[in-house]
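**Q** Sharing model05.cif here; it has mmCIF, C-alpha atoms.
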data_run
loop_
_atom_site.label_atom_id
_atom_site.label_comp_id
_atom_site.auth_asym_id
_atom_site.auth_seq_id
_atom_site.Cartn_x
_atom_site.Cartn_y
_atom_site.Cartn_z
CA ASN A 135 3.47 6.36 -19.96
CA ALA A 136 2.36 2.76 -20.50
CA GLY A 137 5.78 1.29 -21.40
CA VAL A 138 5.33 -2.20 -22.83
CA THR A 139 1.78 -3.53 -23.10
CA GLN A 140 0.93 -7.12 -23.93
CA THR A 141 -2.45 -8.32 -25.18
CA PRO A 142 -4.12 -10.58 -24.11
CA LYS A 143 -3.03 -11.30 -20.54
CA PHE A 144 -4.49 -14.82 -20.49
CA ARG A 145 -5.64 -17.23 -23.16
CA VAL A 146 -6.62 -20.89 -23.42
CA LEU A 147 -6.36 -22.59 -26.80
CA LYS A 148 -7.06 -26.01 -28.17
CA THR A 149 -4.34 -27.91 -29.98
CA GLY A 150 -4.17 -26.85 -33.61
CA GLN A 151 -5.75 -23.43 -33.12
CA SER A 152 -3.94 -20.30 -34.16
CA MET A 153 -3.57 -16.99 -32.41
CA THR A 154 -1.56 -13.79 -32.34
CA LEU A 155 -0.05 -12.12 -29.31
CA LEU A 156 0.36 -8.37 -29.52
CA CYS A 157 3.11 -6.31 -27.97
CA ALA A 158 2.99 -2.53 -28.07
CA GLN A 159 5.57 -0.05 -26.77
CA ASP A 160 5.29 3.71 -26.56
CA MET A 161 8.96 4.52 -25.89
CA ASN A 162 10.04 4.77 -29.55
CA HIS A 163 12.42 1.84 -29.05
CA GLU A 164 14.11 0.31 -32.06
CA TYR A 165 14.55 -3.18 -30.63
CA MET A 166 11.77 -5.54 -29.61
CA TYR A 167 11.88 -9.12 -28.33
CA TRP A 168 9.66 -12.09 -27.59
CA TYR A 169 10.62 -14.52 -24.81
CA ARG A 170 8.93 -17.53 -23.30
CA GLN A 171 9.26 -18.69 -19.71
CA ASP A 172 8.43 -22.20 -18.60
CA PRO A 173 7.90 -23.17 -14.93
CA GLY A 174 11.08 -23.01 -12.87
CA MET A 175 13.15 -21.79 -15.78
CA GLY A 176 14.61 -18.57 -17.02
CA LEU A 177 13.42 -16.75 -20.12
CA ARG A 178 14.34 -17.98 -23.58
CA LEU A 179 14.40 -15.75 -26.64
CA ILE A 180 12.00 -16.74 -29.42
CA HIS A 181 12.40 -13.95 -32.01
CA TYR A 182 13.52 -10.37 -32.00
CA SER A 183 13.51 -7.30 -34.20
CA VAL A 184 16.13 -4.60 -34.62
CA GLY A 185 13.79 -2.18 -36.35
CA GLU A 186 10.56 -1.75 -38.27
CA GLY A 187 10.25 -4.35 -41.02
CA THR A 188 12.99 -6.61 -39.61
CA THR A 189 12.85 -9.85 -37.66
CA ALA A 190 15.40 -12.44 -36.58
CA LYS A 191 15.38 -15.85 -34.91
CA GLY A 192 16.32 -16.29 -31.30
CA GLU A 193 17.07 -19.38 -29.27
CA VAL A 194 13.73 -21.22 -29.66
CA PRO A 195 12.00 -19.96 -32.85
CA ASP A 196 10.33 -23.16 -34.08
CA GLY A 197 6.54 -23.06 -34.18
CA TYR A 198 6.37 -19.27 -34.03
CA ASN A 199 6.28 -16.43 -36.53
CA VAL A 200 6.64 -12.71 -35.93
CA SER A 201 6.01 -9.44 -37.72
CA ARG A 202 7.09 -5.85 -37.11
CA LEU A 203 5.03 -3.79 -39.55
CA LYS A 204 5.00 -0.77 -37.27
CA LYS A 205 7.84 0.37 -35.04
CA GLN A 206 5.71 0.33 -31.93
CA ASN A 207 4.20 -3.13 -32.44
CA PHE A 208 5.69 -6.62 -32.46
CA LEU A 209 3.35 -9.53 -33.11
CA LEU A 210 3.97 -13.16 -32.18
CA GLY A 211 1.95 -15.77 -34.03
CA LEU A 212 1.25 -19.41 -33.36
CA GLU A 213 -0.07 -20.98 -36.56
CA SER A 214 -0.95 -24.38 -35.07
CA ALA A 215 -0.73 -24.37 -31.30
CA ALA A 216 0.77 -27.37 -29.52
CA PRO A 217 0.71 -28.28 -25.80
CA SER A 218 4.49 -27.75 -25.69
CA GLN A 219 3.83 -24.07 -26.34
CA THR A 220 2.01 -23.69 -23.04
CA SER A 221 4.05 -21.00 -21.36
CA VAL A 222 4.22 -17.42 -20.18
CA TYR A 223 5.25 -15.11 -23.01
CA PHE A 224 7.08 -11.88 -22.33
CA CYS A 225 7.70 -9.05 -24.71
CA ALA A 226 10.50 -6.53 -24.23
CA SER A 227 11.88 -3.47 -25.96
CA SER A 228 15.08 -1.45 -25.83
CA TYR A 229 16.73 1.60 -27.40
CA LEU A 230 19.76 -0.33 -28.52
CA SER A 231 21.37 -3.72 -28.15
CA PHE A 232 23.40 -4.53 -25.10
CA GLY A 233 26.64 -2.98 -24.13
CA THR A 234 26.25 0.06 -26.32
CA ALA A 235 26.18 3.70 -25.30
CA LYS A 236 25.55 3.78 -21.61
CA THR A 237 23.46 6.90 -21.85
CA HIS A 238 20.89 4.85 -23.72
CA SER A 239 21.15 1.71 -21.69
CA ASN A 240 19.95 2.72 -18.27
CA GLN A 241 17.21 0.18 -18.67
CA PRO A 242 18.39 -1.99 -21.54
CA GLN A 243 15.21 -3.98 -21.88
CA HIS A 244 11.78 -2.99 -20.65
CA PHE A 245 9.50 -5.97 -20.17
CA GLY A 246 5.75 -6.30 -20.31
CA ASP A 247 3.83 -8.23 -17.67
CA GLY A 248 3.40 -11.33 -19.79
CA THR A 249 0.73 -13.36 -21.55
CA ARG A 250 -0.20 -16.65 -19.92
CA LEU A 251 -1.04 -19.12 -22.64
CA SER A 252 -2.41 -22.62 -22.03
CA ILE A 253 -2.87 -25.09 -24.85
CA LEU A 254 -5.03 -28.10 -24.21
CA ASP B 162 28.00 -15.68 -24.02
CA ALA B 163 29.68 -16.71 -20.79
CA LYS B 164 27.69 -18.86 -18.40
CA THR B 165 26.92 -17.76 -14.88
CA THR B 166 26.54 -19.66 -11.63
CA GLN B 167 24.32 -18.41 -8.82
CA PRO B 168 23.10 -19.95 -5.56
CA THR B 169 19.61 -21.36 -5.87
CA SER B 170 18.18 -19.46 -2.93
CA MET B 171 19.08 -17.02 -0.17
CA ASP B 172 17.35 -15.43 2.78
CA CYS B 173 17.91 -11.94 4.12
CA ALA B 174 16.49 -10.15 7.15
CA GLU B 175 14.45 -7.06 6.41
CA GLY B 176 16.54 -3.90 6.71
CA ARG B 177 19.83 -5.72 6.28
CA ALA B 178 22.02 -5.72 3.19
CA ALA B 179 21.39 -8.53 0.73
CA ASN B 180 24.55 -9.71 -1.03
CA LEU B 181 23.89 -11.88 -4.05
CA PRO B 182 26.95 -13.56 -5.59
CA CYS B 183 27.47 -14.57 -9.19
CA ASN B 184 30.29 -16.53 -10.73
CA HIS B 185 31.21 -15.90 -14.38
CA SER B 186 34.71 -17.33 -14.61
CA THR B 187 34.65 -17.63 -18.43
CA ILE B 188 33.69 -14.01 -19.09
CA SER B 189 35.52 -12.35 -21.95
CA GLY B 190 36.76 -8.81 -22.27
CA ASN B 191 33.79 -7.36 -24.16
CA GLU B 192 31.09 -8.94 -22.05
CA TYR B 193 29.02 -6.95 -19.58
CA VAL B 194 27.44 -8.19 -16.35
CA TYR B 195 23.72 -7.40 -16.08
CA TRP B 196 21.37 -8.00 -13.19
CA TYR B 197 17.61 -8.36 -13.49
CA ARG B 198 14.98 -9.44 -11.03
CA GLN B 199 11.58 -10.99 -11.45
CA ILE B 200 8.93 -10.51 -8.84
CA HIS B 201 6.29 -13.22 -8.89
CA SER B 202 4.15 -13.19 -12.05
CA GLN B 203 5.67 -9.95 -13.35
CA GLY B 204 8.05 -9.24 -16.19
CA PRO B 205 11.78 -9.02 -15.42
CA GLN B 206 12.99 -5.69 -14.12
CA TYR B 207 16.40 -4.26 -14.94
CA ILE B 208 18.52 -3.47 -11.88
CA ILE B 209 22.05 -2.56 -12.87
CA HIS B 210 24.92 -3.46 -15.15
CA GLY B 211 28.69 -3.00 -15.41
CA LEU B 212 31.81 -3.88 -17.35
CA LYS B 213 34.85 -3.45 -15.12
CA ASN B 214 34.17 -0.81 -12.52
CA ASN B 215 31.83 -1.02 -9.58
CA GLU B 216 28.48 0.61 -10.21
CA THR B 217 25.78 2.10 -8.02
CA ASN B 218 22.30 3.38 -8.75
CA GLU B 219 19.17 4.05 -6.77
CA MET B 220 18.32 0.37 -6.56
CA ALA B 221 21.59 -1.42 -5.89
CA SER B 222 25.36 -1.62 -6.10
CA LEU B 223 27.35 -3.94 -8.31
CA ILE B 224 30.80 -5.07 -7.22
CA ILE B 225 32.91 -6.75 -9.91
CA THR B 226 36.17 -8.43 -8.92
CA GLU B 227 39.37 -7.22 -10.50
CA ASP B 228 39.72 -10.37 -12.61
CA ARG B 229 36.01 -10.02 -13.59
CA LYS B 230 35.35 -13.68 -12.82
CA SER B 231 32.70 -12.94 -10.25
CA SER B 232 30.42 -10.17 -9.06
CA THR B 233 28.10 -9.33 -6.19
CA LEU B 234 24.81 -7.48 -6.30
CA ILE B 235 24.15 -5.55 -3.12
CA LEU B 236 20.72 -4.37 -2.03
CA PRO B 237 21.72 -2.05 0.83
CA HIS B 238 18.55 -2.20 2.90
CA ALA B 239 16.37 -5.08 1.82
CA THR B 240 12.60 -4.74 2.11
CA LEU B 241 9.85 -7.32 1.77
CA ARG B 242 9.21 -5.99 -1.75
CA ASP B 243 12.70 -7.11 -2.75
CA THR B 244 11.63 -10.76 -2.50
CA ALA B 245 12.16 -12.00 -6.05
CA VAL B 246 14.29 -14.15 -8.32
CA TYR B 247 17.52 -12.35 -9.22
CA TYR B 248 19.27 -13.12 -12.48
CA CYS B 249 22.93 -12.47 -13.22
CA ILE B 250 23.50 -12.37 -16.97
CA VAL B 251 26.66 -11.92 -18.99
CA VAL B 252 26.09 -10.23 -22.33
CA GLN B 253 28.41 -9.60 -25.23
CA THR B 254 28.66 -6.07 -26.61
CA GLY B 255 26.09 -5.61 -29.34
CA ALA B 256 24.21 -8.80 -28.49
CA ASN B 257 20.44 -8.95 -28.57
CA ASN B 258 19.76 -11.97 -26.40
CA LEU B 259 19.56 -12.24 -22.65
CA PHE B 260 20.46 -15.77 -21.55
CA PHE B 261 18.50 -16.13 -18.35
CA GLY B 262 19.52 -18.98 -16.09
CA THR B 263 17.50 -20.08 -13.08
CA GLY B 264 18.72 -17.22 -10.88
CA THR B 265 18.73 -16.83 -7.10
CA ARG B 266 15.46 -16.78 -5.24
CA LEU B 267 15.87 -14.11 -2.55
CA THR B 268 13.43 -14.18 0.33
CA VAL B 269 13.39 -11.15 2.61
CA ILE B 270 12.24 -12.18 6.07
CA PRO B 271 10.40 -9.77 8.42
#
Rewrite the structure from the file as structure tokens, please.

**A**
Amino acid sequence: NAGVTQTPKFRVLKTGQSMTLLCAQDMNHEYMYWYRQDPGMGLRLIHYSVGEGTTAKGEVPDGYNVSRLKKQNFLLGLESAAPSQTSVYFCASSYLSFGTAKTHSNQPQHFGDGTRLSIL
Amino acid sequence: DAKTTQPTSMDCAEGRAANLPCNHSTISGNEYVYWYRQIHSQGPQYIIHGLKNNETNEMASLIITEDRKSSTLILPHATLRDTAVYYCIVVQTGANNLFFGTGTRLTVIP
């Protein structure tokens, strides 16, 4: 059982380049999330999805796009990378949103191990 | 979502109980208290959550005060592997976002 898998684990980009980060989960979760974490700070939500074919903006969505074409995959795209987007990106998934049926919320969000992205 | 206040850092001797406090004085009635931890370079790991009652699982216990304005996460017998940053997060029912603060850096000392 792999849980949440993020690809790639590390990447260095030049300013202006584009790339896509892939998140895959094998737990049949409805909800998926993309966060970024900057040094010494907590995680901030970029975008999330409440089901296949849906996406929504989080706290810091600018400069990013997402797609959820398949239930198990959630893609995060950077169309024109900027140095301010240097960060560690975490993907997460969950059965339901928070505070709902406790039987489904033993582990509300499962996180991947992150993608370390540097933009020069 | 209500904001939380946690100490920046704490130390705990190996084998002793680690008690991590969290203040959430503006919490509202439909907001849950969640605890996560993040071990260096890894993704956050869910620990426990609660609404009103105290909770216990295989990892920890959560004590919530009667007025719900503060809570304490208890790791009963801390080990070196419990060294991590611990986040106390207050989440509204049905919400999708986890507002992580800066958390408490717990160092377990041999």

**Q** Could you list, as a PyMOL selection string, every residue within 7 Å of Val184 of chain A, counting all atoms listed in the file and ignoring same-chain residues fewer than 4 positions away?

**A** chain A and resi 164-166+188-189

**Q** Hey, can you spit out that residue selection with C-alpha atoms as a PDB file, keeping the file's coordinate frame?

**A**
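out.pdb was written with the following content:
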ATOM      1  CA  GLU A 164      14.110   0.310 -32.060  1.00  0.00           C
ATOM      2  CA  TYR A 165      14.550  -3.180 -30.630  1.00  0.00           C
ATOM      3  CA  MET A 166      11.770  -5.540 -29.610  1.00  0.00           C
ATOM      4  CA  THR A 188      12.990  -6.610 -39.610  1.00  0.00           C
ATOM      5  CA  THR A 189      12.850  -9.850 -37.660  1.00  0.00           C
TER       6      THR A 189
END

**Q** Quick one: residues within 6 Å of segment 146-157 of chain A, all atoms listed in the file counted, chain neighbours fewer than 4 positions away excluded, as a list in words?

**A**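 Counting all atoms listed in the file, the residues come to Thr139, Gln140, Thr141, Asn207, Phe208, Leu209, Leu210, Gly211, Leu212, Glu213, Ser214, Ala215, Ala216, Leu251, Ser252, Ile253 and Leu254 of chain A.
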
**Q** Measuring between all atoms listed in the file, which one of B:Ala179, B:Ile209, B:Leu236, B:Ala174 shows the shortest distance to Ile250 of chain B?

**A** B:Ile209

**Q** Please evaluate the PyMOL selection byres ((chain A) within 12 of (chain B)) against the structure above and give the resulting residues as an NGL selection string.

**A** :A and (137-140 or 143 or 164-184 or 189-194 or 222-236 or 239-250)

**Q** Got a sec to check which residues sit within 10 Å of (35.9, -11.2, -9.3), counting all atoms listed in the file, and write them as a PyMOL selection string?

**A** chain B and resi 182-186+213+224-233

**Q** Provide the atom CA of Asn214 of chain B to atom CA of Pro168 of chain B distance in Å, to one decimal place.

**A**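 We find that atom CA of Asn214 of chain B and atom CA of Pro168 of chain B lie 23.2 Å from each other.
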
**Q** So the first atom is atom CA of Leu203 of chain A and the second is atom CA of Gln159 of chain A; what is the distance between them in Å, to one decimal place?

**A**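 Going from atom CA of Leu203 of chain A over to atom CA of Gln159 of chain A covers 13.3 Å.
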
**Q** Going by the chain IDs and residue numbers used in this file, which residues fall under the PyMOL selection byres ((chain B and resi 244) around 7)? Write them as a list of chain:residue names.

**A** B:Ile200, B:Leu241, B:Arg242, B:Asp243, B:Ala245, B:Leu267, B:Thr268, B:Val269

**Q** Write a file of the selected residues as a JSON list (two decimals), keeping the file's coordinate frame, keeping C-alpha atoms.

**A**
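Written output follows (out-v3.json):
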[["chain", "number", "residue", "atom", "x", "y", "z"],
["B", 200, "ILE", "CA", 8.93, -10.51, -8.84],
["B", 241, "LEU", "CA", 9.85, -7.32, 1.77],
["B", 242, "ARG", "CA", 9.21, -5.99, -1.75],
["B", 243, "ASP", "CA", 12.70, -7.11, -2.75],
["B", 245, "ALA", "CA", 12.16, -12.00, -6.05],
["B", 267, "LEU", "CA", 15.87, -14.11, -2.55],
["B", 268, "THR", "CA", 13.43, -14.18, 0.33],
["B", 269, "VAL", "CA", 13.39, -11.15, 2.61]]

**Q** Atom CA of Asn180 of chain B and atom CA of Trp196 of chain B are how many Å apart?

**A**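 That distance, rounded to one decimal, is 12.7 Å.
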
**Q** Excluding Pro237 of chain B and residues on its chain fewer than 5 positions from it, collect all residues at most 9 Å away from it, counting all atoms listed in the file, and give them as a count of residues only.

**A** 8

**Q** Starting from 3 Å padding per side, set up an axis-aligned box that covers all listed atoms of segment 163-177 of chain B and hand over centre and edge lengths in Å, one decimal, as AutoDock Vina command-line options.

**A**
--center_x 22.1 --center_y -12.6 --center_z -6.8 --size_x 21.2 --size_y 23.5 --size_z 33.9
